[in-house]
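As stored in final-v9.txt (compact mmCIF, C-alpha atoms):
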```txt
# COMPACT_ATOMS: atom_id res chain seq x y z
CA MET J 178 123.62 105.55 83.64
CA VAL J 179 124.05 106.65 87.24
CA ASP J 180 126.96 105.23 89.17
CA PRO J 181 126.09 103.64 92.52
CA PRO J 182 127.02 105.74 95.53
CA ALA J 183 130.57 105.31 96.71
CA GLU J 184 131.03 103.13 99.74
CA SER J 185 131.07 105.40 102.75
CA PRO J 186 133.33 104.82 105.70
CA SER J 187 131.30 102.46 107.80
CA GLU J 188 131.89 100.11 110.65
CA GLU J 189 130.27 97.46 108.49
CA PRO J 190 132.32 96.19 105.55
CA GLY J 191 130.34 95.80 102.33
CA VAL J 192 127.79 98.46 103.29
CA ILE J 193 127.09 101.45 101.06
CA VAL J 194 125.68 104.36 103.06
CA VAL J 195 123.82 107.28 101.51
CA PRO J 196 123.39 109.94 104.20
CA ARG J 197 120.01 111.56 104.83
CA GLU J 198 121.06 114.89 103.31
CA LYS J 199 121.92 113.18 100.00
CA ALA J 200 118.68 111.19 99.73
CA VAL J 201 116.55 112.26 96.75
CA PHE J 202 113.28 111.02 98.26
CA TRP J 203 111.44 111.46 101.55
CA LEU J 204 108.31 110.36 103.38
CA ASP J 205 105.59 112.97 103.88
CA ARG J 206 103.17 113.41 106.80
CA ARG J 207 100.57 111.20 105.13
CA GLY J 208 102.97 108.29 104.58
CA ARG J 209 103.57 108.96 100.87
CA TRP J 210 106.99 108.71 99.28
CA ARG J 211 107.95 111.88 97.42
CA ASN J 212 110.79 113.31 95.40
CA ALA J 213 111.38 116.68 93.73
CA HIS J 214 108.63 115.86 91.20
CA GLY J 215 105.95 115.10 93.80
CA PRO J 216 104.44 111.90 95.23
CA PHE J 217 105.58 108.61 93.74
CA ARG J 218 103.02 107.56 91.12
CA ASN J 219 103.98 103.91 90.84
CA ALA J 220 102.24 102.03 93.69
CA ARG J 221 104.56 99.03 93.36
CA ILE J 222 107.69 101.15 93.83
CA SER J 223 106.12 102.92 96.78
CA ALA J 224 105.15 99.58 98.37
CA TYR J 225 108.70 98.28 97.81
CA PHE J 226 110.18 101.33 99.56
CA HIS J 227 107.78 100.88 102.52
CA ARG J 228 108.67 97.18 102.89
CA SER J 229 112.37 98.10 102.80
CA ILE J 230 112.28 100.47 105.78
CA ARG J 231 114.65 99.46 108.57
CA ARG J 232 116.16 101.25 111.55
CA ASP J 233 119.55 101.16 113.17
CA ALA J 234 121.57 103.50 115.38
CA GLY J 235 121.79 105.97 112.46
CA GLY J 236 118.00 106.22 112.08
CA TYR J 237 115.54 105.00 109.47
CA TYR J 238 116.79 103.87 106.10
CA VAL J 239 115.59 102.08 102.99
CA GLY J 240 117.82 99.08 102.47
CA GLN J 241 118.45 96.87 99.48
CA ARG J 242 121.07 94.38 98.38
CA HIS J 243 123.44 94.93 95.47
CA GLY J 244 125.16 91.57 95.14
CA ALA J 245 127.13 91.05 98.35
CA ARG J 246 126.71 94.69 99.39
CA LEU J 247 123.90 96.27 101.36
CA GLU J 248 122.86 99.80 100.36
CA LYS J 249 121.38 101.91 103.16
CA VAL J 250 119.71 105.16 102.11
CA TYR J 251 118.84 107.16 105.22
CA PHE J 252 115.81 109.25 104.33
CA PRO J 253 114.12 112.30 105.83
CA TYR J 254 110.49 112.20 106.89
CA GLU J 255 108.03 114.88 107.91
CA ASP J 256 106.45 113.21 110.94
CA THR J 257 107.28 109.56 111.41
CA ALA J 258 108.57 106.74 109.22
CA LEU J 259 106.00 104.21 110.45
CA PHE J 260 102.31 104.22 109.58
CA VAL J 261 99.33 101.99 110.29
CA ARG J 262 98.08 101.23 106.78
CA GLU J 263 95.40 98.67 107.55
CA VAL J 264 93.17 97.85 110.53
CA LEU J 265 91.89 94.28 110.70
CA LEU J 266 88.74 94.17 112.82
CA GLY J 267 87.83 90.90 114.47
CA GLU J 268 87.72 89.48 117.96
CA GLU J 269 90.99 91.31 118.42
CA ILE J 270 92.00 94.39 116.46
CA ARG J 271 95.16 93.84 114.42
CA LEU J 272 97.24 96.51 112.75
CA ARG J 273 99.34 96.23 109.59
CA LEU J 274 102.09 98.79 109.10
CA ASN J 275 103.56 100.26 105.94
CA THR J 276 106.55 97.95 106.47
CA GLY J 277 104.31 94.86 106.39
CA MET J 278 104.68 94.21 110.13
CA GLU J 279 101.44 93.11 111.81
CA PHE J 280 100.53 93.03 115.52
CA PRO J 281 97.50 93.28 117.84
CA LEU J 282 96.38 96.73 118.94
CA ASP J 283 96.99 97.64 122.58
CA PRO J 284 94.31 100.31 123.23
CA GLN J 285 96.47 101.81 125.99
CA SER J 286 99.11 102.72 123.38
CA LEU J 287 96.81 105.08 121.43
CA PHE J 288 96.95 108.86 121.58
CA VAL J 289 95.81 111.85 119.55
CA SER J 290 98.02 114.76 118.59
CA GLY J 291 96.66 117.56 116.45
CA GLU J 292 94.30 115.94 113.98
CA ALA J 293 96.12 112.61 113.83
CA LEU J 294 95.83 109.31 115.67
CA TYR J 295 99.04 107.62 116.83
CA LEU J 296 100.19 104.71 118.90
CA THR J 297 103.44 103.69 120.48
CA HIS J 298 104.68 100.15 119.83
CA GLU J 299 108.03 98.82 121.03
CA GLY J 300 109.23 102.38 121.60
CA GLU J 301 108.26 103.55 118.09
CA ARG J 302 105.73 106.30 117.40
CA ILE J 303 103.38 105.19 114.61
CA ARG J 304 100.80 107.33 112.82
CA PHE J 305 97.50 106.05 111.43
CA THR J 306 96.85 106.85 107.78
CA GLU J 307 93.48 108.36 106.90
CA GLN J 308 92.38 105.00 105.45
CA ALA J 309 93.35 103.17 108.67
CA MET J 310 91.42 105.71 110.79
CA VAL J 311 88.31 105.12 108.65
CA GLN J 312 88.73 101.36 109.10
CA LEU J 313 88.99 101.79 112.89
CA SER J 314 86.08 104.27 113.08
CA PRO J 315 83.31 101.66 113.69
CA ARG J 316 85.00 100.98 117.05
CA MET J 317 85.54 104.63 117.97
CA GLY J 318 83.29 107.19 119.57
CA PHE J 319 83.26 110.60 121.15
CA SER J 320 81.73 111.72 124.43
CA GLU J 321 82.09 114.61 126.86
CA GLU J 322 85.25 112.86 128.17
CA GLY J 323 86.77 112.85 124.67
CA LEU J 324 87.64 110.23 122.09
CA PHE J 325 87.45 106.54 122.97
CA LEU J 326 87.89 103.08 121.47
CA GLU J 327 85.48 100.22 122.14
CA THR J 328 86.86 96.69 122.44
CA GLY J 329 84.43 93.99 123.45
CA ASP J 330 82.58 95.43 126.45
CA ARG J 331 85.26 97.99 127.35
CA ARG J 332 85.72 101.65 126.46
CA HIS J 333 89.28 102.95 126.37
CA ARG J 334 89.76 106.70 126.48
CA ILE J 335 92.31 107.96 123.94
CA PRO J 336 94.35 110.79 125.48
CA GLU J 337 95.54 113.91 123.68
CA LYS J 338 99.25 114.67 123.71
CA ALA J 339 100.16 118.13 122.47
CA GLY J 340 103.26 118.45 120.33
CA GLU J 341 103.88 114.71 119.84
CA SER J 342 103.32 114.93 116.07
CA ASP J 343 106.13 117.46 115.69
CA GLN J 344 108.84 115.13 116.94
CA GLY J 345 111.24 113.86 114.36
CA ASP J 346 113.94 111.26 114.52
CA PRO J 347 116.48 112.74 114.27
CA PRO J 348 115.09 116.27 114.80
CA ASN J 349 112.36 117.05 112.30
CA GLU J 350 113.96 117.78 108.94
CA PHE J 351 110.93 119.56 107.52
CA GLN J 352 109.93 123.01 108.65
CA GLY J 353 107.01 124.96 107.29
CA GLY J 354 106.44 122.34 104.59
CA LYS J 355 109.92 122.86 103.15
CA ARG J 356 112.67 120.30 103.27
CA CYS J 357 115.67 121.38 105.31
CA THR J 358 119.16 120.12 104.63
CA ARG J 359 121.20 120.10 107.78
```
Could you write out this file's structure as structure tokens?
Amino acid sequence: MVDPPAESPSEEPGVIVVPREKAVFWLDRRGRWRNAHGPFRNARISAYFHRSIRRDAGGYYVGQRHGARLEKVYFPYEDTALFVREVLLGEEIRLRLNTGMEFPLDPQSLFVSGEALYLTHEGERIRFTEQAMVQLSPRMGFSEEGLFLETGDRRHRIPEKAGESDQGDPPNEFQGGKRCTR
């Protein structure tokens, strides 16, 4: 049996903190949880981890309660910790994130970097999964001006932003596909 992590010095009493460099799992570029053995195979565990993502001044963490204590495991990620998992097409386009959060799409928040589609929402950079891009594709097109999104009778051009996908928070902890421990 593995002992729970020792309570770290924290400004919050009753909080167990596992620092990023001690986490045994991480989130890859495609939004999949991984550990030393590869991607998580149990979909329910993966979904639980996604729903447990929170952010504070220390960065993104997976949080869970152990009795009266809160355990925060700060985890590394290759690109971003937030992903659009589902696109709900209707009169308005709604997006559902890996965390379960749902909100309407603001077409002005979209951008492309490399081969990925992103948006910014409440100051957070969010990447579309491949499945979400396929779901959004009936409303997308390409012309000589570039990629665009159609909403009602409007076409919104989606700008390209070079280098945006390489930002990490804190600085990207994965280089060349290998996990770095800083």
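Residues surrounding J:Arg207 within 9 Å are Glu255, Asp256, Phe260, Arg304, Phe305, Thr306 and Glu307 of chain J [all atoms listed in the file; sequence separation below 6 positions excluded].
Nearest-residue note for J:Val289: choosing from J:Arg273, J:Arg316, J:His333, J:Lys338, the minimum distance belongs to J:Lys338, counting all atoms listed in the file.
Residues in contact range of stretch 211-227 of chain J, defined as at most 10 Å between only C-alpha atoms, with sequence neighbours fewer than 2 positions away removed, read Ala200, Val201, Phe202, Trp203, Leu204, Asp205, Gly208, Arg209, Ser229, Ile230, Arg231, Tyr238, Val239, Gly240, Gln241, Tyr254, Ala258, Leu259, Phe260, Leu274, Asn275, Thr276 and Gly277 of chain J.
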Any idea what the distance is between atom CA of J:Glu263 and atom CA of J:Arg206? 16.7 Å
Tell me, as a PyMOL selection string, which residues lie within 12 Å of J:Gly267, counting only C-alpha atoms; anything in the same chain fewer than 2 positions away does not count. chain J and resi 264-265+269-272+281-282+312-313+315-316+328-329
Interatomic distance (Å, one decimal) between atom CA of J:Ala339 and atom CA of J:Leu296: 13.9 Å
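Proximity to J:Leu294 was assessed for J:Leu247, J:Val261, J:Glu321, J:Ile193 counting all atoms listed in the file; the smallest distance is recorded for J:Val261.
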Which is closer to J:Gly244 than all the others in J:Gly300, J:Val192, J:Met310, J:Leu324, using only C-alpha atoms? J:Val192
Pick out the closest residue to J:Asp233 from this set: J:Pro336, J:Val250, J:His298, J:Ala245. Count all atoms listed in the file. J:Val250
Atomic distance atom CA of J:Thr297 - atom CA of J:Trp210, expressed in Å with one decimal: 22.1 Å
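Closest approach to J:Ala293 from the set J:Phe280, J:Glu337, J:Ser314, J:Glu198 is made by J:Glu337, with distances taken over all atoms listed in the file.
Residue nearest J:Met317, chosen from J:Pro284, J:Ser290, J:Gly236, J:Ile303 and counting only C-alpha atoms: J:Pro284.
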Since the input lacks some atoms of stretch 269-304 of chain J, please model N, CA and C atoms and print them as a short mmCIF file (atom, residue, chain, number, x, y, z; two decimals), in the frame of the given file.
```cif
data_model
loop_
_atom_site.label_atom_id
_atom_site.label_comp_id
_atom_site.auth_asym_id
_atom_site.auth_seq_id
_atom_site.Cartn_x
_atom_site.Cartn_y
_atom_site.Cartn_z
N GLU J 269 89.96 90.35 118.01
CA GLU J 269 90.99 91.31 118.42
C GLU J 269 91.25 92.23 117.23
N ILE J 270 91.67 93.44 117.52
CA ILE J 270 92.00 94.39 116.46
C ILE J 270 93.48 94.22 116.14
N ARG J 271 93.77 93.98 114.87
CA ARG J 271 95.16 93.84 114.42
C ARG J 271 95.51 94.99 113.50
N LEU J 272 96.76 95.39 113.55
CA LEU J 272 97.24 96.51 112.75
C LEU J 272 98.32 96.03 111.80
N ARG J 273 98.29 96.53 110.57
CA ARG J 273 99.34 96.23 109.59
C ARG J 273 100.01 97.55 109.22
N LEU J 274 101.32 97.58 109.37
CA LEU J 274 102.09 98.79 109.10
C LEU J 274 102.52 98.87 107.65
N ASN J 275 103.02 100.04 107.28
CA ASN J 275 103.56 100.26 105.94
C ASN J 275 104.73 99.33 105.64
N THR J 276 105.42 98.85 106.65
CA THR J 276 106.55 97.95 106.47
C THR J 276 106.11 96.50 106.26
N GLY J 277 104.83 96.22 106.48
CA GLY J 277 104.31 94.86 106.39
C GLY J 277 104.17 94.20 107.75
N MET J 278 104.78 94.77 108.78
CA MET J 278 104.68 94.21 110.13
C MET J 278 103.23 94.23 110.58
N GLU J 279 102.81 93.20 111.31
CA GLU J 279 101.44 93.11 111.81
C GLU J 279 101.48 92.73 113.28
N PHE J 280 100.59 93.33 114.09
CA PHE J 280 100.53 93.03 115.52
C PHE J 280 99.16 93.44 116.07
N PRO J 281 98.78 92.90 117.24
CA PRO J 281 97.50 93.28 117.84
C PRO J 281 97.57 94.68 118.44
N LEU J 282 96.46 95.38 118.38
CA LEU J 282 96.38 96.73 118.94
C LEU J 282 96.27 96.66 120.46
N ASP J 283 97.11 97.42 121.14
CA ASP J 283 96.99 97.64 122.58
C ASP J 283 96.31 99.00 122.73
N PRO J 284 95.03 99.03 123.14
CA PRO J 284 94.31 100.31 123.23
C PRO J 284 95.00 101.34 124.11
N GLN J 285 95.77 100.89 125.09
CA GLN J 285 96.47 101.81 125.99
C GLN J 285 97.60 102.57 125.29
N SER J 286 98.00 102.10 124.11
CA SER J 286 99.11 102.72 123.38
C SER J 286 98.66 103.86 122.47
N LEU J 287 97.34 104.05 122.33
CA LEU J 287 96.81 105.08 121.43
C LEU J 287 96.89 106.47 122.03
N PHE J 288 97.07 107.46 121.17
CA PHE J 288 96.95 108.86 121.58
C PHE J 288 96.66 109.71 120.34
N VAL J 289 96.12 110.88 120.60
CA VAL J 289 95.81 111.85 119.55
C VAL J 289 96.75 113.03 119.71
N SER J 290 97.25 113.54 118.59
CA SER J 290 98.02 114.76 118.59
C SER J 290 97.61 115.55 117.35
N GLY J 291 97.18 116.77 117.57
CA GLY J 291 96.66 117.56 116.45
C GLY J 291 95.44 116.86 115.90
N GLU J 292 95.43 116.62 114.61
CA GLU J 292 94.30 115.94 113.98
C GLU J 292 94.63 114.49 113.62
N ALA J 293 95.69 113.95 114.19
CA ALA J 293 96.12 112.61 113.83
C ALA J 293 96.04 111.65 115.02
N LEU J 294 95.85 110.38 114.68
CA LEU J 294 95.83 109.31 115.67
C LEU J 294 97.16 108.57 115.58
N TYR J 295 97.75 108.30 116.73
CA TYR J 295 99.04 107.62 116.83
C TYR J 295 98.95 106.48 117.84
N LEU J 296 99.99 105.67 117.84
CA LEU J 296 100.19 104.71 118.90
C LEU J 296 101.69 104.55 119.08
N THR J 297 102.05 104.01 120.22
CA THR J 297 103.44 103.69 120.48
C THR J 297 103.53 102.17 120.57
N HIS J 298 104.48 101.60 119.83
CA HIS J 298 104.68 100.15 119.83
C HIS J 298 106.17 99.88 119.86
N GLU J 299 106.61 99.15 120.87
CA GLU J 299 108.03 98.82 121.03
C GLU J 299 108.91 100.07 120.93
N GLY J 300 108.46 101.14 121.56
CA GLY J 300 109.23 102.38 121.60
C GLY J 300 109.14 103.23 120.35
N GLU J 301 108.39 102.80 119.34
CA GLU J 301 108.26 103.55 118.09
C GLU J 301 106.92 104.28 118.04
N ARG J 302 106.95 105.51 117.60
CA ARG J 302 105.73 106.30 117.40
C ARG J 302 105.23 106.03 115.99
N ILE J 303 103.96 105.62 115.89
CA ILE J 303 103.38 105.19 114.61
C ILE J 303 102.11 105.99 114.37
N ARG J 304 101.96 106.52 113.17
CA ARG J 304 100.80 107.33 112.82
C ARG J 304 99.81 106.50 111.98
#
```
